[in-house]
Amino acid sequence: MTAASSCISITLTQMTKLYGGIVVGDASAIVVGCAPLESAKSGQITFVTHSKYLSYVGLTHATAVLISQSDLDKLRLQYKITIDSPDRAFIVTQNPYVYFARVAQQFSEAAALPLPVRGIHPSAVVDPAAKIGSNSIIGPHVTIETGAVVGESVRIDAYTFIGHDSVIGNNSHLYPNVTVYHGCQLGERVIVHSGVVIGADGFGFAPNFVKKGDEQTGEWVKIPQVGIVRISSDVEIGANTTIDRGTMTDTVIEQGVKIDNLVQIGHNCQIGAYTVVAGCTGIAGSTTIGQHCMIGGAVGIADHLTLADHIIVTAKSGVSKSLIKPGVYTSAWPAILHRDWNKSVALLRNISKLSARIKRVEAALAAGYALLANASK
Amino acid sequence: MTAASSCISITLTQMTKLYGGIVVGDASAIVVGCAPLESAKSGQITFVTHSKYLSYVGLTHATAVLISQSDLDKLRLQYKITIDSPDRAFIVTQNPYVYFARVAQQFSEAAALPLPVRGIHPSAVVDPAAKIGSNSIIGPHVTIETGAVVGESVRIDAYTFIGHDSVIGNNSHLYPNVTVYHGCQLGERVIVHSGVVIGADGFGFAPNFVKKGDEQTGEWVKIPQVGIVRISSDVEIGANTTIDRGTMTDTVIEQGVKIDNLVQIGHNCQIGAYTVVAGCTGIAGSTTIGQHCMIGGAVGIADHLTLADHIIVTAKSGVSKSLIKPGVYTSAWPAILHRDWNKSVALLRNISKLSARIKRVEAALAAGYALLANASK
Amino acid sequence: MTAASSCISITLTQMTKLYGGIVVGDASAIVVGCAPLESAKSGQITFVTHSKYLSYVGLTHATAVLISQSDLDKLRLQYKITIDSPDRAFIVTQNPYVYFARVAQQFSEAAALPLPVRGIHPSAVVDPAAKIGSNSIIGPHVTIETGAVVGESVRIDAYTFIGHDSVIGNNSHLYPNVTVYHGCQLGERVIVHSGVVIGADGFGFAPNFVKKGDEQTGEWVKIPQVGIVRISSDVEIGANTTIDRGTMTDTVIEQGVKIDNLVQIGHNCQIGAYTVVAGCTGIAGSTTIGQHCMIGGAVGIADHLTLADHIIVTAKSGVSKSLIKPGVYTSAWPAILHRDWNKSVALLRNISKLSARIKRVEAALAAGYALLANASK
């Protein structure tokens, strides 16, 4: 089923030595892989991140479960699930999900193929004036232009293009078919997935049209895009995402930002550290997004805006004004049955009429009271 | 005008031998190409799929028209169009559009260039431990990694990358610049257009942040994505679409699914057989879509949802809840003049006030009736 | 900071000789680069496009400012900014932004690296039956198929694929990783950014399903896409954009059109001259857009529509009907706080109830007046 099937086995004691946590149950139990709660089998380790899933713990066949102390207590007291059964152990940790991520990383690395041979594949075209760090892997058909600097232990896969004077930091991995235009800078441990384009020209043109009666002559004059893209360390960029170079300043992606697939980031944008951007989202030019923001999928953010730190924008929303106050912002309509939706659309158009009718009613009512007052004299 | 200009000629009798249907009119008429109703010329065959187009049949210069029996009857009775004219014949068939597709396929194949030579282009880099089936064409600069299995009569065009242990079924065609990550599986007769990325890492990170006053330290910890992408037979995938590999389970595209350009399909998704997904649509992770669904363009579907079979979601809609009942779902607003739209937006904000005003009116009215009752005692 | 730092210096007099305009102030002042108003340093030239920025002119360190006569007058009269200071000169021109674009182009060309050597890179695979014009640069790993015609002074970068019988006009530049399918035509001075796919099959399938009780059997039958893509001169296409080939007619992009990143243009579409399309926008099949239109980002336009000349569609809007009257069209909701938004959504659902309540009130009121009339008899 999976590309990588584990090929190591480790006891819970060994695991806590590596990643911390306290074993509750058989510390000598051996795990050989990991899986989600619902599908975990004997020999695998799983995790619980939320109390609502605790009921499933009794049903899992996992050999070990990563869990927080509070959830373990709930498990014992509320769910009456015996936690000292011989066939299921626990590792108690503050953050079971992160712990699981670390363990899963170990298993997947163990299962991965040995890396291709270090060095430059004979089919690659590397300019003599480019620098390639030690232990790096330059794959088939790679192109690296003059003045480019590739760090140590970098992996650049087939067809990836590194333009002149670009810099790729140590331990980064560029998957096949990535394009990095000239003069761009990537930090360390940056992961770039296939089809990503970094540093293409931003969308900037000066209108130079003259109107003669109904006719318009002229053209759009290109504004040269001479800024670059600066990407800090520990950034990951999803497949077919595009990040344009700056016009005269730079486009900046800060430390630890994670960007999903098919995202567009316009020229001169700045994305704050540890912000995440989900798939199909478009961020127009010269917009600044703060740190620790969460931008949902298929969101559109207009140009020249500022979003504060810790802003959350839910999926499919559109942001047309700067958002200064941290919080959750939305403008997405949930799909309903087509005929009901069409009614809503029609009604919205009619709100103004409703408002007018209420006005009339209010007036008539006032008049009625007046009459009534006289009548009852 | 077109890349492919027909280079065969065929009589209507021969055509019915190949594809069925009954000729009405001159069965010896020869057609050398096909075209839509409005632009068809003498020597071409065209089709009518809907009664509303019947009036055009009288005007077409086509030599032959594919039509259903019921439409042919309408043509004769309602439109009084003589169907036995010497210069226009008909082929009566249950599904003129499908019949047309088959005929058009024959003409375009006849017009296509001879295939490139079978075998592996000298510039391709194919690992000795990869298997390439007979009659397959491996184009220039292709890269195929160890353990990959390419079936028979497969066509893999320039710059397409097949990761280690991936499998490409018989008679599939991968256009230039496609990336298939390691361990993925494509069925038979699968068509993948340029720029498609299959099997990139899904978007999964565990938050590992600690708040110290206003400061937050920590990072997003990557969840390794060790599932694969499994694509069944007869699937077509449009240009620059991305389909992420599963986290611990797989991402699955079932039999006969057709996906348009620039579509994002998240990790662990499952798309049911014969479902179609139009361009620019994003489907978030772990969502399951049933069979025979039609997902419009620029639709957004949230994560961990289930859509039943035969669901239709219209273009530009957002789906945030599971859709169990088959039907047509919408949440898209049609663009209107900017100033009118802004009024609607403002009014929506005021509905709550309207509601309050009606409440007051209702109360006042009740009170009025009470007074009235007393007054009329 | 920027990839390109200027390496020429030019006096304002020389500049007006090249691009026109009148110098106000020290015509012998020398500029060595350009920058935006807020960040310009001594030795740089900048520009003002709108009166609202005039207050910044007093603060800029720029050596020269491009400005219109009317803004220069405002500057002197309203802002009392001395325009004959020795350390700041002006060039008066009708269109400062366009003037700036031309100057910036000169500086960026001067700063650019010398072009790679003319001719065909040894790693490129060019069919002997393809024609390559003089002074063209065919980069590493390029693939050009039989019958393709590449004009003069064309630049085709690494991994770019030119399908058989395609035509690339003079002075065009295709960046790395572009795919041009067979038979497509690009005009002169066309710029195509990385990851673009031109001429992939449009999304066309004929439903061929038979219902047997609850079961449906059959398949989607592919409609061969034998049209091409015709792109006129002076078009620029942003990274990872896709333009599908026509079905039986062609997909047409007219003169001077500018298309941003991640845009999808469906088969048989026609985009009128000088229209601009911003990023993440999708235009469905067979839709015709007029000249000088401005389509915002993340817009969705349905199939088989017609948009007149000079139509503006604002970002994130959806167009589901043809737009005949020139004007600005919108259907985008601005994101607000999540809880407020949810109230609006709920209220919209309740408009029908509001309307019913008003009806009741109106009736009761009428009845009340009747009673009142009797009572007061």
# chains A, B, ... in the order shown; residues from 1 in each chain; ligands from 1
>>> interface_residues(of="chain A", to="chain B", cutoff="8 Å", atoms="only C-alpha atoms", output="PyMOL selection string")
chain A and resi 1-4+35-36+95+97-98+101-102+104-105+108+140-141+158-159+176-177+193-195+238-240+256+260-262+274+278-280+297-298+315-316+332-338+341+345+348-349+351-352+355+358+361-362+365+369+372+375-376
>>> residues_around(residues="stretch 173-175 of chain A", least_positions_apart="3", cutoff="6 Å", atoms="only C-alpha atoms", output="number ranges by chain")
A: 154-157, 191-194
>>> residues_around(residues="stretch 59-65 of chain A", least_positions_apart="6", cutoff="6 Å", atoms="only C-alpha atoms", output="number ranges by chain")
A: 40-47, 88-90
>>> select_by_dssp(residues="stretch 209-300 of chain A", states="strand (DSSP E)", output="PDB file with N, CA and C atoms, in the first residue's frame")
ATOM      1  N   PHE A 209      -1.935  54.094 -23.403  1.00  0.00           N
ATOM      2  CA  PHE A 209      -2.959  54.069 -24.443  1.00  0.00           C
ATOM      3  C   PHE A 209      -3.469  55.478 -24.707  1.00  0.00           C
ATOM      4  N   VAL A 210      -3.781  55.752 -25.973  1.00  0.00           N
ATOM      5  CA  VAL A 210      -4.364  57.037 -26.350  1.00  0.00           C
ATOM      6  C   VAL A 210      -5.718  56.760 -26.986  1.00  0.00           C
ATOM      7  N   LYS A 211      -6.742  57.480 -26.524  1.00  0.00           N
ATOM      8  CA  LYS A 211      -8.084  57.274 -27.049  1.00  0.00           C
ATOM      9  C   LYS A 211      -8.318  58.211 -28.223  1.00  0.00           C
ATOM     10  N   LYS A 212      -8.671  57.644 -29.374  1.00  0.00           N
ATOM     11  CA  LYS A 212      -9.052  58.466 -30.513  1.00  0.00           C
ATOM     12  C   LYS A 212     -10.481  58.094 -30.869  1.00  0.00           C
ATOM     13  N   GLU A 215     -11.702  54.469 -30.785  1.00  0.00           N
ATOM     14  CA  GLU A 215     -10.495  53.647 -30.934  1.00  0.00           C
ATOM     15  C   GLU A 215      -9.486  53.964 -29.844  1.00  0.00           C
ATOM     16  N   GLN A 216      -8.796  52.949 -29.385  1.00  0.00           N
ATOM     17  CA  GLN A 216      -7.736  53.137 -28.429  1.00  0.00           C
ATOM     18  C   GLN A 216      -6.456  52.590 -29.053  1.00  0.00           C
ATOM     19  N   THR A 217      -5.402  53.385 -29.090  1.00  0.00           N
ATOM     20  CA  THR A 217      -4.127  52.865 -29.600  1.00  0.00           C
ATOM     21  C   THR A 217      -3.121  52.883 -28.457  1.00  0.00           C
ATOM     22  N   GLY A 218      -2.080  52.100 -28.608  1.00  0.00           N
ATOM     23  CA  GLY A 218      -1.043  52.057 -27.589  1.00  0.00           C
ATOM     24  C   GLY A 218      -0.742  50.649 -27.146  1.00  0.00           C
ATOM     25  N   GLU A 219      -0.199  50.502 -25.929  1.00  0.00           N
ATOM     26  CA  GLU A 219       0.220  49.184 -25.456  1.00  0.00           C
ATOM     27  C   GLU A 219       0.441  49.237 -23.953  1.00  0.00           C
ATOM     28  N   TRP A 220       0.623  48.056 -23.361  1.00  0.00           N
ATOM     29  CA  TRP A 220       1.061  47.945 -21.977  1.00  0.00           C
ATOM     30  C   TRP A 220       2.590  47.914 -21.980  1.00  0.00           C
ATOM     31  N   VAL A 221       3.223  48.826 -21.269  1.00  0.00           N
ATOM     32  CA  VAL A 221       4.692  48.883 -21.227  1.00  0.00           C
ATOM     33  C   VAL A 221       5.184  48.118 -20.001  1.00  0.00           C
ATOM     34  N   LYS A 222       6.056  47.153 -20.239  1.00  0.00           N
ATOM     35  CA  LYS A 222       6.512  46.275 -19.154  1.00  0.00           C
ATOM     36  C   LYS A 222       7.365  47.038 -18.139  1.00  0.00           C
ATOM     37  N   VAL A 229      13.667  37.038  -5.147  1.00  0.00           N
ATOM     38  CA  VAL A 229      12.890  36.320  -4.132  1.00  0.00           C
ATOM     39  C   VAL A 229      13.867  35.861  -3.062  1.00  0.00           C
ATOM     40  N   ARG A 230      13.579  36.210  -1.812  1.00  0.00           N
ATOM     41  CA  ARG A 230      14.386  35.745  -0.683  1.00  0.00           C
ATOM     42  C   ARG A 230      13.562  34.816   0.186  1.00  0.00           C
ATOM     43  N   ILE A 231      14.011  33.572   0.283  1.00  0.00           N
ATOM     44  CA  ILE A 231      13.288  32.553   1.042  1.00  0.00           C
ATOM     45  C   ILE A 231      14.175  32.114   2.202  1.00  0.00           C
ATOM     46  N   GLU A 236       8.828  25.202   3.258  1.00  0.00           N
ATOM     47  CA  GLU A 236       8.448  24.171   2.294  1.00  0.00           C
ATOM     48  C   GLU A 236       7.428  24.747   1.328  1.00  0.00           C
ATOM     49  N   ILE A 237       7.606  24.453   0.035  1.00  0.00           N
ATOM     50  CA  ILE A 237       6.766  25.027  -1.020  1.00  0.00           C
ATOM     51  C   ILE A 237       6.166  23.898  -1.847  1.00  0.00           C
ATOM     52  N   THR A 242       3.749  29.321  -7.457  1.00  0.00           N
ATOM     53  CA  THR A 242       4.567  30.355  -8.114  1.00  0.00           C
ATOM     54  C   THR A 242       4.816  31.510  -7.150  1.00  0.00           C
ATOM     55  N   ILE A 243       6.060  31.936  -7.068  1.00  0.00           N
ATOM     56  CA  ILE A 243       6.429  33.075  -6.224  1.00  0.00           C
ATOM     57  C   ILE A 243       7.206  34.057  -7.098  1.00  0.00           C
ATOM     58  N   THR A 251      10.669  40.046  -2.979  1.00  0.00           N
ATOM     59  CA  THR A 251       9.595  39.231  -2.427  1.00  0.00           C
ATOM     60  C   THR A 251      10.237  38.369  -1.340  1.00  0.00           C
ATOM     61  N   VAL A 252       9.622  38.347  -0.155  1.00  0.00           N
ATOM     62  CA  VAL A 252      10.281  37.731   1.004  1.00  0.00           C
ATOM     63  C   VAL A 252       9.386  36.681   1.657  1.00  0.00           C
ATOM     64  N   ILE A 253       9.921  35.482   1.812  1.00  0.00           N
ATOM     65  CA  ILE A 253       9.231  34.410   2.553  1.00  0.00           C
ATOM     66  C   ILE A 253      10.089  34.119   3.783  1.00  0.00           C
ATOM     67  N   LYS A 258       5.164  27.538   5.534  1.00  0.00           N
ATOM     68  CA  LYS A 258       4.784  26.354   4.765  1.00  0.00           C
ATOM     69  C   LYS A 258       3.702  26.751   3.765  1.00  0.00           C
ATOM     70  N   ILE A 259       3.974  26.474   2.482  1.00  0.00           N
ATOM     71  CA  ILE A 259       3.060  26.857   1.406  1.00  0.00           C
ATOM     72  C   ILE A 259       2.633  25.602   0.663  1.00  0.00           C
ATOM     73  N   GLN A 264      -0.295  31.215  -5.561  1.00  0.00           N
ATOM     74  CA  GLN A 264       0.358  32.317  -6.270  1.00  0.00           C
ATOM     75  C   GLN A 264       0.713  33.408  -5.270  1.00  0.00           C
ATOM     76  N   ILE A 265       1.982  33.794  -5.243  1.00  0.00           N
ATOM     77  CA  ILE A 265       2.427  34.885  -4.377  1.00  0.00           C
ATOM     78  C   ILE A 265       3.033  35.963  -5.269  1.00  0.00           C
ATOM     79  N   GLN A 270       5.389  39.897   1.288  1.00  0.00           N
ATOM     80  CA  GLN A 270       6.186  39.457   2.414  1.00  0.00           C
ATOM     81  C   GLN A 270       5.311  38.537   3.256  1.00  0.00           C
ATOM     82  N   ILE A 271       5.772  37.304   3.469  1.00  0.00           N
ATOM     83  CA  ILE A 271       5.003  36.337   4.263  1.00  0.00           C
ATOM     84  C   ILE A 271       5.778  36.099   5.550  1.00  0.00           C
ATOM     85  N   VAL A 276       1.238  29.656   7.505  1.00  0.00           N
ATOM     86  CA  VAL A 276       0.931  28.582   6.565  1.00  0.00           C
ATOM     87  C   VAL A 276      -0.113  29.070   5.566  1.00  0.00           C
ATOM     88  N   VAL A 277       0.060  28.664   4.308  1.00  0.00           N
ATOM     89  CA  VAL A 277      -0.842  29.074   3.226  1.00  0.00           C
ATOM     90  C   VAL A 277      -1.322  27.807   2.511  1.00  0.00           C
ATOM     91  N   GLY A 282      -4.355  32.739  -3.716  1.00  0.00           N
ATOM     92  CA  GLY A 282      -3.636  33.761  -4.459  1.00  0.00           C
ATOM     93  C   GLY A 282      -3.439  35.002  -3.605  1.00  0.00           C
ATOM     94  N   ILE A 283      -2.200  35.471  -3.533  1.00  0.00           N
ATOM     95  CA  ILE A 283      -1.884  36.676  -2.773  1.00  0.00           C
ATOM     96  C   ILE A 283      -1.327  37.700  -3.762  1.00  0.00           C
ATOM     97  N   THR A 288       1.576  42.341   2.610  1.00  0.00           N
ATOM     98  CA  THR A 288       2.393  41.838   3.716  1.00  0.00           C
ATOM     99  C   THR A 288       1.522  41.048   4.673  1.00  0.00           C
ATOM    100  N   ILE A 289       1.918  39.816   4.930  1.00  0.00           N
ATOM    101  CA  ILE A 289       1.183  38.958   5.858  1.00  0.00           C
ATOM    102  C   ILE A 289       2.067  38.713   7.064  1.00  0.00           C
ATOM    103  N   MET A 294      -2.699  31.788   9.485  1.00  0.00           N
ATOM    104  CA  MET A 294      -3.158  30.594   8.789  1.00  0.00           C
ATOM    105  C   MET A 294      -4.116  31.024   7.692  1.00  0.00           C
ATOM    106  N   ILE A 295      -3.666  30.876   6.442  1.00  0.00           N
ATOM    107  CA  ILE A 295      -4.479  31.282   5.295  1.00  0.00           C
ATOM    108  C   ILE A 295      -5.058  30.014   4.670  1.00  0.00           C
ATOM    109  N   GLY A 300      -8.413  34.451  -1.656  1.00  0.00           N
ATOM    110  CA  GLY A 300      -7.852  35.513  -2.483  1.00  0.00           C
ATOM    111  C   GLY A 300      -7.565  36.722  -1.611  1.00  0.00           C
TER     112      GLY A 300
END
